[in-house]
>>> print(open('model.txt').read())   # compact mmCIF, C-alpha atoms and all ligand atoms
# COMPACT_ATOMS: atom_id res chain seq x y z
CA MET A 606 59.07 -99.72 -157.45
CA GLN A 607 57.13 -102.97 -157.65
CA SER A 608 57.73 -105.33 -154.72
CA ASP A 609 58.69 -108.98 -155.13
CA PRO A 610 55.87 -111.52 -155.45
CA MET A 611 54.86 -112.98 -152.12
CA ILE A 612 54.51 -116.42 -150.56
CA VAL A 613 52.79 -116.76 -147.17
CA VAL A 614 53.70 -119.63 -144.82
CA THR A 615 51.30 -120.32 -141.93
CA GLY A 616 52.36 -122.21 -138.80
CA ALA A 617 55.86 -120.90 -139.49
CA SER A 618 57.29 -121.83 -136.08
CA GLY A 619 56.46 -125.55 -136.39
CA GLN A 620 58.99 -128.08 -137.66
CA LEU A 621 57.99 -127.86 -141.33
CA GLY A 622 57.60 -124.08 -141.10
CA ARG A 623 61.13 -123.75 -139.75
CA GLU A 624 62.51 -125.99 -142.48
CA LEU A 625 60.77 -123.82 -145.08
CA GLN A 626 62.48 -120.79 -143.55
CA ARG A 627 65.83 -122.54 -144.01
CA LYS A 628 65.03 -123.27 -147.65
CA ALA A 629 63.56 -119.87 -148.60
CA SER A 630 66.73 -119.00 -150.50
CA MET A 631 65.68 -121.60 -153.10
CA LEU A 632 63.14 -119.03 -154.32
CA PRO A 633 65.08 -115.75 -154.24
CA GLU A 634 62.61 -114.02 -156.55
CA PHE A 635 59.92 -114.21 -153.84
CA GLU A 636 59.37 -112.37 -150.61
CA PHE A 637 58.12 -114.61 -147.80
CA LEU A 638 55.75 -113.83 -144.97
CA PHE A 639 56.52 -116.47 -142.34
CA ALA A 640 53.49 -116.19 -140.09
CA ASP A 641 53.40 -117.98 -136.75
CA ARG A 642 50.11 -118.29 -134.88
CA HIS A 643 50.51 -114.79 -133.37
CA VAL A 644 50.68 -113.22 -136.83
CA LEU A 645 48.04 -115.48 -138.40
CA ASP A 646 45.71 -117.64 -136.30
CA ILE A 647 43.90 -119.79 -138.84
CA ARG A 648 40.92 -120.36 -136.51
CA THR A 649 39.59 -116.85 -137.15
CA HIS A 650 38.04 -116.51 -140.58
CA SER A 651 38.12 -112.70 -140.75
CA HIS A 652 41.75 -112.66 -139.64
CA VAL A 653 42.77 -115.21 -142.26
CA ARG A 654 41.00 -113.22 -144.97
CA GLU A 655 42.57 -109.97 -143.84
CA VAL A 656 46.17 -111.22 -143.61
CA ILE A 657 46.09 -113.17 -146.88
CA ALA A 658 44.29 -110.41 -148.81
CA GLY A 659 46.79 -107.89 -147.41
CA ALA A 660 49.80 -109.97 -148.47
CA ARG A 661 48.42 -110.60 -151.99
CA PRO A 662 50.43 -113.82 -152.26
CA GLN A 663 50.96 -115.99 -155.29
CA ALA A 664 51.00 -119.01 -152.98
CA VAL A 665 50.21 -119.94 -149.40
CA ILE A 666 51.88 -122.93 -147.73
CA ASN A 667 49.64 -124.03 -144.88
CA CYS A 668 51.80 -125.60 -142.17
CA ALA A 669 49.48 -124.55 -139.35
CA ALA A 670 47.90 -127.58 -137.74
CA TYR A 671 46.79 -129.13 -134.48
CA THR A 672 49.29 -132.03 -134.41
CA ARG A 673 48.97 -133.49 -130.90
CA VAL A 674 47.51 -136.80 -131.98
CA ASP A 675 46.68 -138.19 -128.53
CA LEU A 676 45.48 -134.91 -126.99
CA ALA A 677 43.12 -134.45 -129.94
CA GLU A 678 41.05 -137.36 -128.57
CA ASP A 679 40.21 -135.11 -125.59
CA GLU A 680 40.00 -131.88 -127.59
CA PRO A 681 38.13 -132.83 -130.77
CA GLU A 682 36.46 -129.43 -131.19
CA GLU A 683 39.75 -127.58 -130.95
CA ALA A 684 41.45 -130.00 -133.36
CA MET A 685 38.58 -129.49 -135.82
CA ARG A 686 38.72 -125.70 -135.48
CA VAL A 687 42.34 -125.75 -136.66
CA ASN A 688 42.62 -128.77 -138.98
CA GLY A 689 39.12 -128.67 -140.44
CA ALA A 690 37.63 -125.18 -140.34
CA GLY A 691 40.98 -123.35 -140.30
CA ALA A 692 42.27 -125.15 -143.37
CA GLY A 693 39.00 -124.24 -145.11
CA TYR A 694 39.41 -120.55 -144.18
CA VAL A 695 42.92 -120.53 -145.65
CA ALA A 696 41.59 -122.16 -148.82
CA GLU A 697 38.79 -119.62 -149.16
CA ALA A 698 41.24 -116.74 -148.69
CA CYS A 699 43.57 -118.29 -151.29
CA HIS A 700 40.70 -118.57 -153.73
CA ARG A 701 39.81 -114.88 -153.24
CA ALA A 702 43.45 -113.84 -153.60
CA GLY A 703 44.05 -116.05 -156.64
CA ALA A 704 46.82 -117.84 -154.74
CA LEU A 705 47.92 -121.45 -155.08
CA MET A 706 47.42 -123.31 -151.80
CA VAL A 707 49.93 -125.92 -150.72
CA HIS A 708 48.64 -127.93 -147.79
CA VAL A 709 50.09 -130.82 -145.80
CA SER A 710 47.97 -133.75 -144.70
CA THR A 711 48.64 -137.14 -143.20
CA ASP A 712 48.75 -140.92 -143.62
CA TYR A 713 46.47 -141.06 -140.55
CA VAL A 714 43.50 -140.51 -142.88
CA PHE A 715 43.80 -144.27 -143.57
CA ASP A 716 42.86 -147.14 -141.25
CA GLY A 717 45.98 -149.19 -141.93
CA THR A 718 44.32 -152.40 -143.07
CA ALA A 719 45.78 -152.33 -146.60
CA ARG A 720 48.36 -154.88 -147.68
CA ARG A 721 50.03 -152.61 -150.23
CA PRO A 722 50.96 -148.89 -150.19
CA TYR A 723 47.97 -146.54 -150.18
CA THR A 724 47.27 -144.58 -153.35
CA GLU A 725 45.40 -141.28 -153.58
CA ALA A 726 42.38 -143.21 -154.89
CA ASP A 727 42.08 -145.42 -151.81
CA THR A 728 39.23 -144.94 -149.36
CA CYS A 729 39.99 -142.91 -146.26
CA ALA A 730 38.81 -144.20 -142.90
CA PRO A 731 40.66 -142.42 -140.09
CA LEU A 732 41.00 -144.19 -136.75
CA SER A 733 41.65 -141.05 -134.70
CA VAL A 734 40.21 -137.59 -134.12
CA TYR A 735 43.41 -136.11 -135.55
CA GLY A 736 43.04 -138.15 -138.74
CA SER A 737 39.34 -137.23 -139.04
CA THR A 738 40.02 -133.53 -138.63
CA LYS A 739 42.82 -133.62 -141.22
CA LEU A 740 40.51 -135.40 -143.63
CA GLU A 741 37.83 -132.77 -143.03
CA GLY A 742 40.46 -130.10 -143.80
CA GLU A 743 41.19 -131.78 -147.14
CA ARG A 744 37.48 -131.88 -147.92
CA ARG A 745 37.02 -128.21 -147.13
CA ILE A 746 40.04 -127.18 -149.20
CA ASP A 747 38.67 -129.12 -152.12
CA GLU A 748 35.33 -127.37 -151.68
CA GLN A 749 36.82 -123.87 -151.42
CA THR A 750 39.50 -123.84 -154.07
CA GLY A 751 40.37 -125.98 -157.06
CA ARG A 752 43.86 -124.53 -157.13
CA HIS A 753 45.54 -126.59 -154.45
CA LEU A 754 48.23 -129.18 -153.87
CA ILE A 755 47.56 -131.35 -150.85
CA LEU A 756 50.62 -133.38 -149.89
CA ARG A 757 49.84 -136.29 -147.60
CA THR A 758 52.96 -137.30 -145.75
CA SER A 759 53.94 -139.57 -142.87
CA TRP A 760 56.16 -139.63 -139.77
CA LEU A 761 57.60 -136.17 -140.27
CA TYR A 762 60.68 -135.30 -138.27
CA SER A 763 63.47 -132.73 -138.20
CA ALA A 764 66.19 -131.33 -135.97
CA TYR A 765 63.59 -128.88 -134.58
CA GLY A 766 60.66 -129.25 -132.22
CA HIS A 767 59.04 -132.33 -130.74
CA ASN A 768 59.42 -135.42 -132.87
CA PHE A 769 60.50 -139.04 -132.80
CA PHE A 770 64.03 -138.36 -134.08
CA ARG A 771 64.82 -135.91 -131.29
CA THR A 772 63.01 -137.96 -128.65
CA MET A 773 65.03 -141.10 -129.48
CA LEU A 774 68.35 -139.24 -129.26
CA ARG A 775 67.31 -137.68 -125.94
CA LEU A 776 66.08 -140.98 -124.45
CA ALA A 777 69.20 -142.77 -125.66
CA LYS A 778 71.32 -140.28 -123.74
CA GLU A 779 69.13 -140.35 -120.64
CA THR A 780 68.43 -144.08 -120.36
CA GLY A 781 71.09 -145.89 -122.38
CA SER A 782 68.57 -148.29 -123.95
CA LEU A 783 65.40 -148.02 -126.00
CA ARG A 784 62.22 -150.09 -126.35
CA VAL A 785 60.32 -149.19 -129.51
CA VAL A 786 57.20 -150.57 -131.19
CA ASN A 787 57.70 -152.65 -134.30
CA ASP A 788 54.11 -153.28 -135.36
CA GLN A 789 53.38 -149.93 -137.01
CA VAL A 790 54.89 -149.45 -140.45
CA ALA A 791 55.12 -146.41 -142.75
CA SER A 792 57.82 -144.20 -144.30
CA PRO A 793 59.72 -141.77 -142.07
CA THR A 794 59.98 -138.43 -143.89
CA TYR A 795 62.55 -135.75 -143.18
CA ALA A 796 60.86 -132.34 -143.06
CA GLY A 797 63.96 -130.70 -144.56
CA ARG A 798 63.47 -132.73 -147.75
CA LEU A 799 59.75 -132.02 -147.82
CA ALA A 800 60.50 -128.30 -147.48
CA GLU A 801 62.98 -128.48 -150.38
CA ASP A 802 60.49 -130.32 -152.54
CA ILE A 803 57.73 -127.81 -151.76
CA MET A 804 60.09 -125.04 -152.88
CA ALA A 805 60.93 -127.01 -156.04
CA LEU A 806 57.22 -127.51 -156.73
CA LEU A 807 56.56 -123.80 -156.34
CA ARG A 808 59.42 -122.99 -158.70
CA ARG A 809 57.87 -125.27 -161.33
CA ALA A 810 54.37 -123.88 -160.80
CA LEU A 811 55.07 -120.16 -160.30
CA VAL A 812 58.39 -119.43 -162.01
CA ASP A 813 58.73 -122.00 -164.80
CA ARG A 814 54.94 -121.97 -165.28
CA ARG A 815 54.97 -125.71 -165.85
CA HIS A 816 51.70 -127.55 -165.63
CA ILE A 817 51.21 -129.46 -162.41
CA GLU A 818 47.88 -131.14 -161.97
CA TYR A 819 46.17 -129.77 -158.86
CA GLY A 820 44.82 -132.14 -156.25
CA THR A 821 46.06 -134.63 -153.69
CA TYR A 822 49.47 -136.30 -153.73
CA HIS A 823 51.18 -138.83 -151.52
CA TYR A 824 54.63 -137.58 -150.59
CA THR A 825 57.04 -139.54 -148.39
CA GLN A 826 60.59 -140.79 -148.60
CA SER A 827 60.98 -144.21 -150.20
CA GLY A 828 61.15 -147.56 -148.43
CA GLU A 829 59.26 -148.51 -145.31
CA ALA A 830 60.08 -148.95 -141.65
CA SER A 831 58.57 -149.68 -138.29
CA TRP A 832 59.22 -147.22 -135.46
CA TYR A 833 61.71 -149.82 -134.22
CA ASP A 834 63.57 -149.82 -137.58
CA PHE A 835 63.54 -146.03 -137.57
CA ALA A 836 64.97 -145.83 -134.03
CA ALA A 837 67.62 -148.48 -134.79
CA GLU A 838 68.73 -146.54 -137.89
CA ILE A 839 68.98 -143.27 -135.94
CA MET A 840 71.13 -145.02 -133.31
CA ARG A 841 73.28 -146.69 -135.98
CA GLN A 842 73.95 -143.50 -137.89
CA ALA A 843 74.51 -141.47 -134.71
CA GLY A 844 76.96 -144.16 -133.54
CA THR A 845 75.48 -144.18 -130.03
CA GLY A 846 75.88 -147.94 -129.50
CA VAL A 847 72.56 -147.81 -127.61
CA PRO A 848 70.61 -151.08 -127.96
CA VAL A 849 67.05 -150.92 -129.31
CA THR A 850 64.53 -153.61 -128.35
CA PRO A 851 61.41 -154.21 -130.47
CA VAL A 852 58.12 -154.28 -128.56
CA GLU A 853 54.42 -154.36 -129.47
CA SER A 854 52.06 -151.37 -129.48
CA GLY A 855 50.16 -153.05 -126.64
CA ASP A 856 53.20 -152.39 -124.42
CA PHE A 857 52.80 -148.64 -125.03
CA PRO A 858 49.05 -147.92 -124.96
CA THR A 859 48.16 -144.53 -126.42
CA LYS A 860 44.91 -142.62 -126.33
CA ALA A 861 44.61 -142.37 -130.12
CA ARG A 862 44.51 -145.40 -132.40
CA ARG A 863 47.09 -145.35 -135.19
CA PRO A 864 47.16 -147.31 -138.46
CA ALA A 865 49.29 -150.46 -138.31
CA TYR A 866 50.35 -149.96 -141.92
CA SER A 867 50.23 -146.58 -143.61
CA LYS A 868 52.87 -146.62 -146.30
CA LEU A 869 51.86 -144.18 -149.02
CA ASP A 870 52.39 -144.86 -152.71
CA THR A 871 54.28 -141.89 -154.20
CA THR A 872 54.01 -142.93 -157.87
CA LYS A 873 51.65 -140.08 -158.76
CA PHE A 874 53.85 -137.44 -157.11
CA VAL A 875 57.00 -138.61 -158.89
CA ALA A 876 55.27 -138.97 -162.26
CA ASN A 877 53.48 -135.60 -162.17
CA THR A 878 56.21 -133.45 -160.66
CA GLY A 879 59.38 -135.09 -161.97
CA LEU A 880 60.83 -134.82 -158.44
CA PRO A 881 62.40 -138.02 -157.12
CA VAL A 882 61.80 -139.29 -153.59
CA VAL A 883 64.88 -140.49 -151.72
CA PRO A 884 65.29 -143.46 -149.33
CA TRP A 885 64.19 -142.71 -145.78
CA GLN A 886 67.65 -143.64 -144.48
CA GLN A 887 69.07 -140.73 -146.47
CA GLY A 888 66.61 -138.45 -144.68
CA VAL A 889 68.01 -139.68 -141.35
CA ALA A 890 71.54 -138.83 -142.52
CA GLU A 891 70.53 -135.34 -143.63
CA CYS A 892 68.61 -134.66 -140.43
CA LEU A 893 71.46 -135.94 -138.27
CA SER A 894 73.91 -133.69 -140.04
CA HIS A 895 71.66 -130.67 -139.41
CA TYR A 896 71.04 -131.76 -135.80
CA LEU A 897 74.78 -132.07 -135.11
CA SER A 898 75.40 -128.63 -136.62
CA LEU A 899 73.00 -127.16 -134.04
CA THR A 900 74.47 -128.87 -130.98
N1 LIG A 1001 54.51 -134.45 -137.51
C1 LIG A 1001 54.14 -135.51 -138.24
O1 LIG A 1001 54.55 -136.65 -137.99
C2 LIG A 1001 53.23 -135.33 -139.41
C3 LIG A 1001 52.90 -136.45 -140.19
C4 LIG A 1001 52.06 -136.27 -141.28
C5 LIG A 1001 51.55 -135.03 -141.57
N2 LIG A 1001 51.86 -133.95 -140.77
C6 LIG A 1001 51.30 -132.65 -141.11
O2 LIG A 1001 52.37 -131.83 -141.52
C7 LIG A 1001 52.07 -130.46 -141.23
C8 LIG A 1001 53.25 -129.83 -140.52
O3 LIG A 1001 53.42 -130.54 -139.30
P1 LIG A 1001 54.58 -130.21 -138.26
O4 LIG A 1001 55.16 -131.51 -137.87
O5 LIG A 1001 55.44 -129.12 -138.79
O6 LIG A 1001 53.69 -129.68 -137.05
P2 LIG A 1001 54.10 -128.75 -135.83
O7 LIG A 1001 55.56 -128.76 -135.63
O8 LIG A 1001 53.19 -129.12 -134.72
O9 LIG A 1001 53.70 -127.32 -136.40
C9 LIG A 1001 52.37 -126.89 -136.49
C10 LIG A 1001 52.37 -125.41 -136.29
O10 LIG A 1001 51.02 -124.94 -136.39
C11 LIG A 1001 50.84 -123.97 -135.39
N3 LIG A 1001 49.43 -123.79 -135.08
C12 LIG A 1001 48.64 -124.55 -134.27
N4 LIG A 1001 47.39 -123.99 -134.23
C13 LIG A 1001 47.43 -122.90 -135.02
C14 LIG A 1001 46.47 -121.91 -135.37
N5 LIG A 1001 45.23 -121.95 -134.88
N6 LIG A 1001 46.84 -120.91 -136.22
C15 LIG A 1001 48.09 -120.86 -136.69
N7 LIG A 1001 49.06 -121.74 -136.37
C16 LIG A 1001 48.72 -122.75 -135.55
C17 LIG A 1001 51.62 -124.51 -134.21
O11 LIG A 1001 51.86 -123.48 -133.29
P3 LIG A 1001 52.07 -123.84 -131.72
O12 LIG A 1001 53.32 -124.64 -131.67
O13 LIG A 1001 52.13 -122.50 -131.10
O14 LIG A 1001 50.86 -124.65 -131.34
C18 LIG A 1001 52.88 -125.00 -134.90
O15 LIG A 1001 53.81 -123.96 -135.03
C19 LIG A 1001 50.78 -130.48 -140.45
O16 LIG A 1001 49.71 -130.20 -141.31
C20 LIG A 1001 50.65 -131.92 -139.96
O17 LIG A 1001 49.32 -132.29 -139.77
C21 LIG A 1001 52.69 -134.08 -139.71
>>> encode(input="model.txt", output="structure tokens")
Amino acid sequence: MQSDPMIVVTGASGQLGRELQRKASMLPEFEFLFADRHVLDIRTHSHVREVIAGARPQAVINCAAYTRVDLAEDEPEEAMRVNGAGAGYVAEACHRAGALMVHVSTDYVFDGTARRPYTEADTCAPLSVYGSTKLEGERRIDEQTGRHLILRTSWLYSAYGHNFFRTMLRLAKETGSLRVVNDQVASPTYAGRLAEDIMALLRRALVDRRHIEYGTYHYTQSGEASWYDFAAEIMRQAGTGVPVTPVESGDFPTKARRPAYSKLDTTKFVANTGLPVVPWQQGVAECLSHYLSLT
């Protein structure tokens, strides 16, 4: 008997990887290999080739990444091994296997000096090691395989793992008040929605066989917010009554520089995929509902 077609997910225990596991039922005609770093370490080229060739996937969703933005300033080689070289190894293995590669990149490839949302055509100029290594990953993917969808997103959060959403709820409980920076602006993006939209994209590409132009897309939820706005909305929707005070980035110095403004323009994504993007506040509501179901 012929087995179901396969989709491989790397970095499967991270927040996006876990959301993809929750949404796997959206593609019941596929078998999934959810590979955490123990099953598939993307730093080792031979290992990546072996696992992906063995799985013979139709698509690989690369969620594996070095995501500790501040630590990356002290560990640039390690960040590059994962985000640069590793992404390239996955792309090369996808090319050999004839698989579509879906990869996730970041708004931190931009320097934040724009006065309007960044489009895919805008010049990248990362301010941090993390941003540079993610950009190098994009470059290597482009070099290794033409059959890829790179989704650049921003401020990803979910009910799992370490992220701003969970940190704010924890700090609110522990301290009863929050001070949050209001001079960095982008679009918070719920990883649960991103996971759903990746599944919908794969349905269009692999099941419906609809044409989707390969390349780079900006994918976020709509609207924009500062971290302060984001925190205030989480508190409002959670009904904590905890006050949030806006402060400047200078009050919270971090090792890595971050763009002051990194809203991404999603026009190309919406036009080419037919998938709508929803307001970021709706993402907060969906995440909160999942978070409350776990507690
Ligand atoms: N989080 C954000 O705000 C944000 C914003 C924009 C874009 N992105 C991008 O979105 C993607 C998903 O991010 P996320 O938030 O889900 O990150 P995450 O929660 O940190 O997940 C990343 C996963 O990759 C794994 N990993 C690290 N090194 C690996 C290696 N060498 N081989 C295989 N797996 C490895 C990690 O495992 P360990 O936990 O064991 O290290 C972790 O499970 C990433 O590409 C990230 O750059 C994230």
>>> closest_residue(input="model.txt", among="A:Arg784, A:Lys739, A:Arg752, A:Arg673", to="Ala702 (chain A)", atoms="all atoms listed in the file")
A:Arg752
>>> residues_around(input="model.txt", residues="Val875 (chain A)", least_positions_apart="4", cutoff="12 Å", atoms="all atoms listed in the file", output="number ranges by chain")
A: 802, 806, 817, 822-827, 870-871, 879-883
>>> residues_near_ligand(input="model.txt", ligand="ligand LIG 1001 (chain A)", cutoff="9 Å", atoms="all atoms listed in the file", output="MDAnalysis selection string")
chainID A and resid 615:624 640:649 667:673 683:684 686:688 691 708:713 735:736 739 756:763 765:769 793:794 796
>>> closest_residue(input="model.txt", among="A:Val889, A:Ala696, A:Ala830, A:Val849", to="His753 (chain A)", atoms="all atoms listed in the file")
A:Ala696
>>> residues_near_point(input="model.txt", point="(48.5, -143.9, -158.2)", cutoff="8 Å", atoms="all atoms listed in the file", output="MDAnalysis selection string")
chainID A and resid 724:726 870:873
>>> closest_residue(input="model.txt", among="A:Val674, A:Leu811, A:Ala843, A:Val852", to="Phe635 (chain A)", atoms="only C-alpha atoms")
A:Leu811
>>> residues_near_point(input="model.txt", point="(60.5, -154.7, -129.7)", cutoff="8 Å", atoms="only C-alpha atoms", output="PyMOL selection string")
chain A and resi 784-787+833+849-853
>>> atom_distance(input="model.txt", atom1="CA of Ala890 (chain A)", atom2="CA of Ala837 (chain A)")
13.0 Å
>>> closest_residue(input="model.txt", among="A:Ser792, A:Val812, A:Gly846, A:Arg654", to="Pro884 (chain A)", atoms="only C-alpha atoms")
A:Ser792
>>> closest_residue(input="model.txt", among="A:Gly659, A:Gly844, A:Gly689, A:Gly888", to="Gly742 (chain A)", atoms="all atoms listed in the file")
A:Gly689
>>> closest_residue(input="model.txt", among="A:Ala836, A:Ala810, A:Ala690, A:Val695", to="Leu740 (chain A)", atoms="only C-alpha atoms")
A:Ala690
>>> atom_distance(input="model.txt", atom1="CA of Trp832 (chain A)", atom2="CA of Ala677 (chain A)")
21.3 Å
>>> atom_distance(input="model.txt", atom1="CA of Gln887 (chain A)", atom2="CA of Ala629 (chain A)")
21.7 Å
>>> residues_around(input="model.txt", residues="Phe715 (chain A)", least_positions_apart="5", cutoff="6 Å", atoms="only C-alpha atoms", output="JSON, numbers by chain")
{"A": [729, 730, 731]}
>>> axis_aligned_box(input="model.txt", around="region 726-736 of chain A", padding_each_side="8 Å", output="AutoDock Vina command-line options")
--center_x 41.1 --center_y -140.8 --center_z -144.5 --size_x 20.6 --size_y 25.3 --size_z 36.8
